[in-house]
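One file, start_27.cif, is given below (mmCIF, C-alpha atoms and all ligand atoms).
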data_my_file
#
loop_
_atom_site.label_atom_id
_atom_site.label_comp_id
_atom_site.auth_asym_id
_atom_site.auth_seq_id
_atom_site.Cartn_x
_atom_site.Cartn_y
_atom_site.Cartn_z
CA MET A 62 0.67 257.16 103.76
CA GLY A 63 3.55 256.23 101.52
CA VAL A 64 5.14 253.06 102.87
CA SER A 65 8.54 254.73 102.84
CA LEU A 66 7.67 257.37 105.45
CA LYS A 67 9.18 256.68 108.82
CA PHE A 68 9.07 259.10 111.72
CA GLU A 69 9.40 256.96 114.84
CA GLY A 70 12.66 257.67 116.66
CA ARG A 71 13.71 260.41 114.25
CA ASP A 72 15.52 263.61 115.17
CA VAL A 73 14.15 266.92 113.92
CA ILE A 74 17.26 269.05 113.48
CA SER A 75 16.86 270.84 110.16
CA ILE A 76 13.80 271.20 107.97
CA LYS A 77 16.17 270.25 105.12
CA ASP A 78 16.15 266.68 106.46
CA PHE A 79 12.49 266.35 105.42
CA SER A 80 10.99 265.83 101.98
CA ARG A 81 7.84 267.55 100.81
CA GLU A 82 5.98 264.25 101.13
CA GLU A 83 7.09 263.95 104.75
CA ILE A 84 6.21 267.56 105.56
CA ASP A 85 2.77 267.18 103.99
CA TYR A 86 2.22 264.07 106.08
CA ILE A 87 3.19 265.86 109.33
CA LEU A 88 0.76 268.67 108.44
CA LYS A 89 -1.98 266.10 107.80
CA ILE A 90 -1.41 264.51 111.21
CA GLY A 91 -1.39 268.02 112.72
CA GLN A 92 -4.82 268.58 111.20
CA ALA A 93 -6.07 265.33 112.72
CA MET A 94 -4.92 266.69 116.11
CA GLU A 95 -7.28 269.72 115.96
CA SER A 96 -10.17 267.89 117.62
CA ILE A 97 -7.88 265.87 119.93
CA ALA A 98 -6.33 269.15 121.13
CA VAL A 99 -9.78 270.18 122.33
CA LYS A 100 -10.91 266.84 123.79
CA GLY A 101 -7.56 265.51 125.05
CA SER A 102 -6.18 262.00 124.59
CA ASP A 103 -4.04 259.40 126.34
CA MET A 104 -2.10 258.48 123.23
CA LEU A 105 1.24 259.31 124.90
CA ARG A 106 0.41 258.23 128.43
CA GLY A 107 3.57 257.37 130.38
CA ARG A 108 5.82 259.12 127.86
CA ILE A 109 7.99 262.05 128.94
CA LEU A 110 9.22 265.07 127.01
CA ALA A 111 12.21 267.03 128.33
CA THR A 112 12.47 270.66 127.26
CA LEU A 113 16.02 271.95 127.62
CA PHE A 114 15.88 275.64 126.82
CA PHE A 115 19.18 277.50 127.05
CA GLU A 116 17.61 280.62 125.51
CA PRO A 117 14.44 282.61 126.27
CA SER A 118 11.15 281.27 124.92
CA THR A 119 7.46 281.55 125.62
CA ARG A 120 5.61 279.88 122.77
CA THR A 121 7.93 277.14 121.67
CA ARG A 122 8.56 275.63 125.09
CA LEU A 123 5.03 276.05 126.41
CA SER A 124 3.46 274.71 123.23
CA PHE A 125 5.71 271.63 123.25
CA GLU A 126 4.76 271.01 126.86
CA ALA A 127 1.04 271.69 126.26
CA ALA A 128 1.13 269.39 123.21
CA MET A 129 2.61 266.60 125.33
CA HIS A 130 0.02 267.09 128.08
CA LYS A 131 -2.86 267.12 125.61
CA LEU A 132 -1.71 263.70 124.40
CA GLY A 133 -1.66 262.32 127.95
CA GLY A 134 2.13 262.51 128.37
CA SER A 135 4.14 264.68 130.71
CA ALA A 136 6.90 267.25 130.43
CA ILE A 137 9.98 268.08 132.51
CA GLY A 138 12.84 270.48 131.87
CA PHE A 139 14.33 273.88 132.41
CA ALA A 140 13.73 277.23 130.82
CA GLU A 141 17.02 278.89 131.64
CA ALA A 142 20.53 277.57 131.70
CA GLU A 143 21.19 279.59 134.86
CA ILE A 144 19.42 276.98 137.01
CA ALA A 145 20.80 273.90 135.27
CA SER A 146 24.11 272.12 135.82
CA VAL A 147 25.43 273.90 132.76
CA LYS A 148 26.06 276.73 135.16
CA LYS A 149 28.51 274.38 136.92
CA GLY A 150 30.33 273.76 133.67
CA GLU A 151 28.52 270.70 132.32
CA ASN A 152 28.74 270.43 128.56
CA LEU A 153 25.80 269.79 126.23
CA ALA A 154 26.89 266.26 125.34
CA ASP A 155 26.88 265.26 129.02
CA THR A 156 23.59 267.05 129.69
CA VAL A 157 21.73 265.11 126.98
CA ARG A 158 23.31 261.81 128.05
CA VAL A 159 21.90 262.43 131.51
CA VAL A 160 18.48 263.68 130.43
CA GLU A 161 17.90 260.76 128.04
CA ASN A 162 17.52 258.62 131.16
CA TYR A 163 14.55 260.71 132.25
CA ALA A 164 12.77 261.35 128.97
CA ASP A 165 11.63 259.68 125.72
CA VAL A 166 12.26 262.77 123.60
CA ILE A 167 14.14 266.03 124.10
CA ALA A 168 13.23 269.47 122.72
CA LEU A 169 16.32 271.68 122.79
CA ARG A 170 16.83 275.40 122.28
CA HIS A 171 20.38 276.64 122.28
CA PRO A 172 22.19 279.87 121.27
CA LEU A 173 24.81 278.03 119.24
CA GLU A 174 24.35 276.95 115.65
CA GLY A 175 24.90 273.23 115.33
CA ALA A 176 23.94 272.59 118.98
CA ALA A 177 20.92 270.44 118.14
CA ARG A 178 22.93 268.39 115.65
CA LEU A 179 25.64 267.83 118.26
CA ALA A 180 23.09 266.84 120.91
CA ALA A 181 21.56 264.33 118.48
CA GLU A 182 24.94 262.69 117.96
CA PHE A 183 25.17 261.94 121.67
CA ALA A 184 21.55 261.29 122.65
CA LYS A 185 19.87 257.91 122.34
CA VAL A 186 16.42 259.54 122.35
CA PRO A 187 15.17 261.79 119.53
CA ILE A 188 16.20 265.45 119.66
CA ILE A 189 13.82 268.12 118.38
CA ASN A 190 15.48 271.42 117.55
CA GLY A 191 13.48 274.22 119.16
CA GLY A 192 15.84 276.86 117.74
CA SER A 193 19.59 276.67 117.17
CA GLY A 194 21.12 280.15 117.30
CA ALA A 195 20.39 282.13 114.14
CA GLU A 196 20.44 278.94 112.11
CA GLU A 197 17.13 277.07 112.08
CA HIS A 198 13.80 276.57 113.80
CA PRO A 199 12.21 273.64 111.97
CA THR A 200 9.06 273.15 114.06
CA GLN A 201 8.20 276.84 113.62
CA ALA A 202 8.42 276.31 109.85
CA LEU A 203 6.04 273.37 110.14
CA LEU A 204 3.46 275.43 111.99
CA ASP A 205 3.93 278.33 109.58
CA LEU A 206 3.25 276.02 106.63
CA TYR A 207 0.28 274.54 108.47
CA THR A 208 -1.13 278.03 109.04
CA ILE A 209 -0.75 278.93 105.36
CA MET A 210 -2.38 275.67 104.31
CA LYS A 211 -5.26 276.08 106.76
CA GLU A 212 -5.92 279.69 105.78
CA LYS A 213 -5.37 279.41 102.04
CA GLY A 214 -6.37 275.82 101.26
CA GLU A 215 -3.02 275.06 99.68
CA ILE A 216 0.51 276.41 99.52
CA ASP A 217 1.19 275.84 95.82
CA GLY A 218 0.46 278.85 93.63
CA LEU A 219 0.90 281.50 96.34
CA LYS A 220 3.04 284.63 96.38
CA ILE A 221 4.71 284.88 99.78
CA ALA A 222 6.89 287.64 101.25
CA LEU A 223 9.28 287.19 104.17
CA ILE A 224 10.00 290.53 105.81
CA GLY A 225 12.48 291.82 108.35
CA ASP A 226 15.59 290.20 109.72
CA LEU A 227 16.40 287.52 107.16
CA ARG A 228 20.00 287.32 108.26
CA TYR A 229 19.73 286.49 111.95
CA GLY A 230 16.13 285.22 111.98
CA ARG A 231 16.15 281.43 112.28
CA THR A 232 12.42 281.08 111.56
CA VAL A 233 12.80 282.54 108.07
CA HIS A 234 15.73 280.26 107.26
CA SER A 235 13.73 277.13 108.01
CA LEU A 236 10.60 278.55 106.40
CA ALA A 237 12.42 279.54 103.18
CA TYR A 238 13.88 276.04 102.83
CA ALA A 239 10.47 274.48 103.42
CA LEU A 240 8.65 276.83 101.03
CA SER A 241 11.13 276.02 98.29
CA LEU A 242 9.62 272.51 98.19
CA TYR A 243 6.34 274.06 97.00
CA ASN A 244 5.44 275.75 93.79
CA ILE A 245 5.45 279.34 95.07
CA GLU A 246 6.93 282.76 94.31
CA LEU A 247 9.02 284.11 97.15
CA TYR A 248 9.76 287.78 97.91
CA LEU A 249 12.46 288.64 100.44
CA VAL A 250 12.22 292.14 101.91
CA SER A 251 14.88 293.41 104.31
CA PRO A 252 17.40 296.18 104.87
CA GLU A 253 20.59 295.59 102.87
CA SER A 254 22.53 294.50 105.97
CA LEU A 255 19.90 291.92 106.95
CA LYS A 256 19.49 290.15 103.61
CA MET A 257 18.81 286.42 103.51
CA ARG A 258 21.84 284.26 104.29
CA ARG A 259 23.74 283.31 101.20
CA GLU A 260 23.61 279.55 101.76
CA VAL A 261 19.82 279.63 102.15
CA LEU A 262 19.45 281.82 99.09
CA GLN A 263 21.60 279.55 96.95
CA THR A 264 19.58 276.47 97.83
CA ILE A 265 16.13 277.98 97.39
CA LYS A 266 16.98 279.78 94.14
CA GLU A 267 17.64 276.42 92.51
CA ARG A 268 14.03 275.47 93.12
CA ILE A 269 11.76 278.54 93.09
CA SER A 270 11.52 282.14 91.89
CA VAL A 271 13.03 284.49 94.47
CA THR A 272 12.96 288.31 94.37
CA GLU A 273 15.00 290.33 96.87
CA LYS A 274 13.91 293.88 97.74
CA THR A 275 14.68 296.49 100.34
CA ASP A 276 11.42 298.36 99.88
CA LEU A 277 8.11 296.89 101.00
CA GLU A 278 5.73 299.23 99.18
CA LYS A 279 5.73 297.55 95.77
CA ILE A 280 5.58 294.04 97.25
CA VAL A 281 2.55 294.39 99.52
CA PRO A 282 -0.06 294.63 96.70
CA LEU A 283 1.36 291.52 94.98
CA VAL A 284 1.40 288.94 97.72
CA ASP A 285 -1.02 286.51 99.40
CA VAL A 286 1.03 286.05 102.58
CA LEU A 287 3.20 288.54 104.50
CA TYR A 288 5.48 286.83 107.02
CA VAL A 289 6.83 289.54 109.29
CA THR A 290 9.76 289.05 111.68
CA ARG A 291 11.39 290.84 114.57
CA ILE A 292 14.87 292.28 114.17
CA GLN A 293 16.96 289.90 116.28
CA LYS A 294 18.65 292.54 118.43
CA GLU A 295 20.34 289.94 120.66
CA ARG A 296 22.25 288.43 117.73
CA PHE A 297 23.92 291.62 116.49
CA PRO A 298 27.66 291.59 117.17
CA ASP A 299 27.68 295.41 117.20
CA PRO A 300 24.96 297.60 118.81
CA ALA A 301 25.71 300.37 116.30
CA GLU A 302 24.66 298.03 113.47
CA TYR A 303 21.38 297.33 115.25
CA ALA A 304 20.75 301.05 115.72
CA LYS A 305 20.97 301.53 111.93
CA VAL A 306 18.18 299.05 111.13
CA LYS A 307 15.98 299.42 114.20
CA GLY A 308 12.40 300.23 113.18
CA SER A 309 13.27 299.88 109.48
CA HIS A 310 10.02 298.15 108.63
CA LYS A 311 6.62 298.63 110.10
CA ILE A 312 3.30 297.20 108.96
CA ASP A 313 0.41 299.53 109.71
CA LEU A 314 -2.94 300.34 108.10
CA GLU A 315 -1.27 302.67 105.64
CA THR A 316 1.18 299.95 104.47
CA LEU A 317 -1.79 297.68 103.93
CA SER A 318 -3.94 300.17 101.99
CA LYS A 319 -3.08 298.55 98.64
CA ALA A 320 -2.98 294.96 99.90
CA LYS A 321 -5.13 292.18 98.45
CA GLU A 322 -8.34 291.75 100.38
CA ASP A 323 -7.47 288.20 101.34
CA LEU A 324 -3.83 288.89 102.26
CA ILE A 325 -2.87 287.13 105.49
CA ILE A 326 -0.19 288.38 107.87
CA LEU A 327 1.85 285.91 109.93
CA HIS A 328 4.53 286.52 112.57
CA PRO A 329 6.34 283.92 114.69
CA LEU A 330 6.10 286.32 117.66
CA PRO A 331 7.26 287.98 119.84
CA ARG A 332 6.61 291.23 117.99
CA VAL A 333 8.26 294.42 119.07
CA ASP A 334 7.18 297.31 116.83
CA GLU A 335 7.10 295.76 113.36
CA ILE A 336 3.32 295.28 113.26
CA ALA A 337 1.23 298.15 114.62
CA ALA A 338 -1.50 297.19 117.11
CA GLU A 339 -4.09 298.70 114.73
CA VAL A 340 -3.46 295.76 112.36
CA ASP A 341 -4.60 293.22 114.97
CA ASN A 342 -8.28 293.82 114.32
CA THR A 343 -8.08 293.68 110.52
CA SER A 344 -9.13 290.66 108.46
CA HIS A 345 -5.46 290.17 107.54
CA ALA A 346 -4.05 289.34 110.98
CA ARG A 347 -3.44 285.64 111.64
CA TYR A 348 -0.51 285.74 114.08
CA PHE A 349 -2.52 284.78 117.11
CA GLN A 350 -4.25 281.91 115.29
CA GLN A 351 -0.75 280.78 114.34
CA VAL A 352 -0.04 280.14 118.04
CA TRP A 353 -2.84 277.55 118.29
CA ASN A 354 -1.54 275.89 115.15
CA GLY A 355 1.78 275.47 116.93
CA ILE A 356 0.10 273.19 119.45
CA VAL A 357 -1.59 270.89 116.94
CA VAL A 358 1.49 270.60 114.72
CA ARG A 359 3.71 269.79 117.70
CA MET A 360 1.14 267.24 118.90
CA GLY A 361 1.31 265.60 115.48
CA LEU A 362 5.08 265.63 115.45
CA LEU A 363 5.42 264.17 118.98
CA ALA A 364 2.88 261.43 118.20
CA LEU A 365 4.79 260.49 115.05
CA ILE A 366 8.25 260.58 116.63
CA LEU A 367 7.12 258.56 119.63
CA GLY A 368 5.41 256.03 117.37
CA ALA A 369 1.84 256.60 118.62
CA VAL A 370 0.79 257.44 115.07
CA LYS A 371 2.28 255.69 112.06
C1 LIG A 401 11.14 283.06 117.28
C2 LIG A 401 12.48 282.48 117.70
O1 LIG A 401 12.68 282.19 118.87
O2 LIG A 401 13.28 282.32 116.80
N1 LIG A 401 10.13 282.92 118.21
C3 LIG A 401 9.44 281.73 118.27
O3 LIG A 401 9.99 280.66 118.45
N2 LIG A 401 8.10 281.81 118.08
C4 LIG A 401 11.23 284.40 116.70
C5 LIG A 401 11.89 285.51 117.44
O4 LIG A 401 12.43 285.33 118.54
O5 LIG A 401 11.86 286.63 116.91
#
This structure in structure tokens:
Amino acid sequence: MGVSLKFEGRDVISIKDFSREEIDYILKIGQAMESIAVKGSDMLRGRILATLFFEPSTRTRLSFEAAMHKLGGSAIGFAEAEIASVKKGENLADTVRVVENYADVIALRHPLEGAARLAAEFAKVPIINGGSGAEEHPTQALLDLYTIMKEKGEIDGLKIALIGDLRYGRTVHSLAYALSLYNIELYLVSPESLKMRREVLQTIKERISVTEKTDLEKIVPLVDVLYVTRIQKERFPDPAEYAKVKGSHKIDLETLSKAKEDLIILHPLPRVDEIAAEVDNTSHARYFQQVWNGIVVRMGLLALILGAVK
């Protein structure tokens, strides 16, 4: 490890706060967690994670909690704001200043952009952003990179397409930033109204080759990785706008007929109708393996942030 890398006590708010060297190191520690995830460990015994989830989640919250348990620690928290004091009018700054007394680290999901950054300003314990509105989802990007690395050997040299809702999808924002640290070619495929956010595009275009398309057909045969996303219905300000793009992309056996044999398909899940069930049994599907990778990467991250691994 480079002597300059320091993770203990750090917040994880944006993937942009991490260098390629740091990301590669987190992925390496994630890999070391594969066997520990099976055997269990007491590396974080006595340490407590609080998960404060103000928005729906299955994978992110459960995998953070499972990761903590597998390392011998414990997890507390809430999965809906309805049952927390927020319902009584407590603000986020007060909530984290209370919860820091109960926990050594806080994983936070919140509908507002900037919420994780704000929480980190007030909290004395590290804050991990488990999704901040449509903005970012840095730990998802880490597990996405880990999956690509595990399946393809390395990230450099690949052609990768991000498909679907690139405007409101926070996973693709974090992933695009992270991928721009590698030597890859990126294809962005979405309806016109759901194109990649301008600020993300500007940053990544300075570093890597980016091609934007509305039509998937010509892209599928070119790429090594297809990263498919759900249209984020809940983030549309106008239901009529959602109706226009609903079902606009669908990956099925026909779409994949000209794909490379070793193409892999990823999806952060949940999927709605953007990947047909018939794709699940093909050699391309990796979205359920991706879920396991979320555990090992979050184990690695928690161990680093809590100083159990240097
Ligand atoms: C994603 C999210 O919450 O942003 N899910 C996840 O964390 N695995 C993607 C989505 O909701 O579509």
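Taking atom CA of A:Gly194 as the reference point, atom CA of A:Leu173 is found at 4.7 Å.
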Axis-aligned box over every listed atom of ligand LIG 401 (chain A), padded by 5 Å per side: centre and edges in Å to one decimal, as lines of an AutoDock Vina configuration file?
center_x = 10.7
center_y = 283.6
center_z = 117.8
size_x = 15.2
size_y = 16.0
size_z = 12.2
So which residues are near ligand LIG 401 (chain A), meaning at most 8 Å away with only C-alpha atoms and all ligand atoms counted, given back as a short mmCIF file (atom, residue, chain, number, x, y, z; two decimals) with C-alpha atoms, keeping the file's coordinate frame?
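After the write, part-v8.cif holds the following:
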data_model
loop_
_atom_site.label_atom_id
_atom_site.label_comp_id
_atom_site.auth_asym_id
_atom_site.auth_seq_id
_atom_site.Cartn_x
_atom_site.Cartn_y
_atom_site.Cartn_z
CA PRO A 117 14.44 282.61 126.27
CA SER A 118 11.15 281.27 124.92
CA THR A 119 7.46 281.55 125.62
CA ARG A 120 5.61 279.88 122.77
CA THR A 121 7.93 277.14 121.67
CA GLY A 191 13.48 274.22 119.16
CA GLY A 192 15.84 276.86 117.74
CA ALA A 195 20.39 282.13 114.14
CA HIS A 198 13.80 276.57 113.80
CA GLN A 201 8.20 276.84 113.62
CA GLY A 230 16.13 285.22 111.98
CA ARG A 231 16.15 281.43 112.28
CA THR A 232 12.42 281.08 111.56
CA THR A 290 9.76 289.05 111.68
CA ARG A 291 11.39 290.84 114.57
CA ILE A 292 14.87 292.28 114.17
CA GLN A 293 16.96 289.90 116.28
CA PRO A 329 6.34 283.92 114.69
CA LEU A 330 6.10 286.32 117.66
CA PRO A 331 7.26 287.98 119.84
CA ARG A 332 6.61 291.23 117.99
#
With a distance cut-off of 10 Å and all atoms listed in the file, select the neighbouring residues of stretch 240-246 of chain A, excluding the residue or stretch itself and same-chain residues fewer than 2 positions from it, and output the selection as a PyMOL selection string.
chain A and resi 77+79-82+84+202+205-206+215-222+233+235-238+248+264-272+284
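Computed from the coordinates, the atom CA of A:Ala176 to atom CA of A:Leu262 distance equals 22.4 Å.
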So that I can see what lies close to A:Gln350, please list as a short mmCIF file (atom, residue, chain, number, x, y, z; two decimals) with C-alpha atoms, in the coordinates of the input the residues with an atom at most 10 Å from it, counting all atoms listed in the file and leaving out residues fewer than 3 positions away in the same chain.
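Output saved as out12.cif:
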data_model
loop_
_atom_site.label_atom_id
_atom_site.label_comp_id
_atom_site.auth_asym_id
_atom_site.auth_seq_id
_atom_site.Cartn_x
_atom_site.Cartn_y
_atom_site.Cartn_z
CA THR A 208 -1.13 278.03 109.04
CA GLU A 212 -5.92 279.69 105.78
CA LEU A 327 1.85 285.91 109.93
CA ALA A 346 -4.05 289.34 110.98
CA ARG A 347 -3.44 285.64 111.64
CA TRP A 353 -2.84 277.55 118.29
CA ASN A 354 -1.54 275.89 115.15
CA GLY A 355 1.78 275.47 116.93
#
Point (13.8, 267.5, 120.8), cut-off 8 Å, counting only C-alpha atoms, residues as a ChimeraX atom specification
/A:72-73,111-112,166-169,187-191
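Neighbouring residues of A:Arg158 at 8 Å or closer, counting all atoms listed in the file and skipping chain neighbours under 5 positions away, are Phe183, Ala184 and Lys185 of chain A.
The shell of residues at most 12 Å from A:Lys279, with only C-alpha atoms counted and near chain neighbours (fewer than 6 positions) removed, consists of Ala222, Tyr248, Val250, Thr272, Glu273, Thr316, Leu317, Ser318, Lys319 and Ala320 of chain A.
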Distance in Å - atom CA of A:Thr156 versus atom CA of A:Ala140
14.2 Å
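Distance annotation: of A:His345, A:Lys305, A:Arg170, A:Arg178, the residue with the minimal separation from A:Lys321 is A:His345; atom set is only C-alpha atoms.
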Please identify every residue of stretch 150-261 of chain A that has at least one atom no farther than 10 Å from an atom of stretch 86-108 of chain A, counting only C-alpha atoms, and for each give the shortest atom pair and the distance in Å to one decimal, arranged by chain then increasing number, as JSON lines.
{"residue": "A:Tyr163", "atom": "CA", "partner": "A:Arg108", "partner_atom": "CA", "distance": 9.9}
{"residue": "A:Ala164", "atom": "CA", "partner": "A:Arg108", "partner_atom": "CA", "distance": 7.4}
{"residue": "A:Asp165", "atom": "CA", "partner": "A:Arg108", "partner_atom": "CA", "distance": 6.2}
{"residue": "A:Val166", "atom": "CA", "partner": "A:Arg108", "partner_atom": "CA", "distance": 8.5}
{"residue": "A:Leu203", "atom": "CA", "partner": "A:Leu88", "partner_atom": "CA", "distance": 7.3}
{"residue": "A:Leu204", "atom": "CA", "partner": "A:Leu88", "partner_atom": "CA", "distance": 8.1}
{"residue": "A:Leu206", "atom": "CA", "partner": "A:Leu88", "partner_atom": "CA", "distance": 8.0}
{"residue": "A:Tyr207", "atom": "CA", "partner": "A:Leu88", "partner_atom": "CA", "distance": 5.9}
{"residue": "A:Thr208", "atom": "CA", "partner": "A:Leu88", "partner_atom": "CA", "distance": 9.6}
{"residue": "A:Met210", "atom": "CA", "partner": "A:Leu88", "partner_atom": "CA", "distance": 8.7}
{"residue": "A:Lys211", "atom": "CA", "partner": "A:Gln92", "partner_atom": "CA", "distance": 8.7}
Considering only C-alpha atoms, return as a ChimeraX atom specification whatever protein or nucleic-acid residues lie within 7 Å of A:Glu116, sequence-local ones (same chain, fewer than 6 positions apart) excluded.
/A:141,170-172
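Between A:Ser75 and the residues A:Glu260, A:Glu196, A:Glu339, A:Glu126, the shortest atom-to-atom distance, using all atoms listed in the file, involves A:Glu196.
With distances restricted to all atoms listed in the file, A:Leu113 is the closest residue to A:Phe125 from A:Lys256, A:Gly214, A:Ile224, A:Leu113.
Among the candidates A:Ala142, A:Val286, A:Met360, A:Leu227, the one nearest to A:Ile209 when counting all atoms listed in the file is A:Val286.
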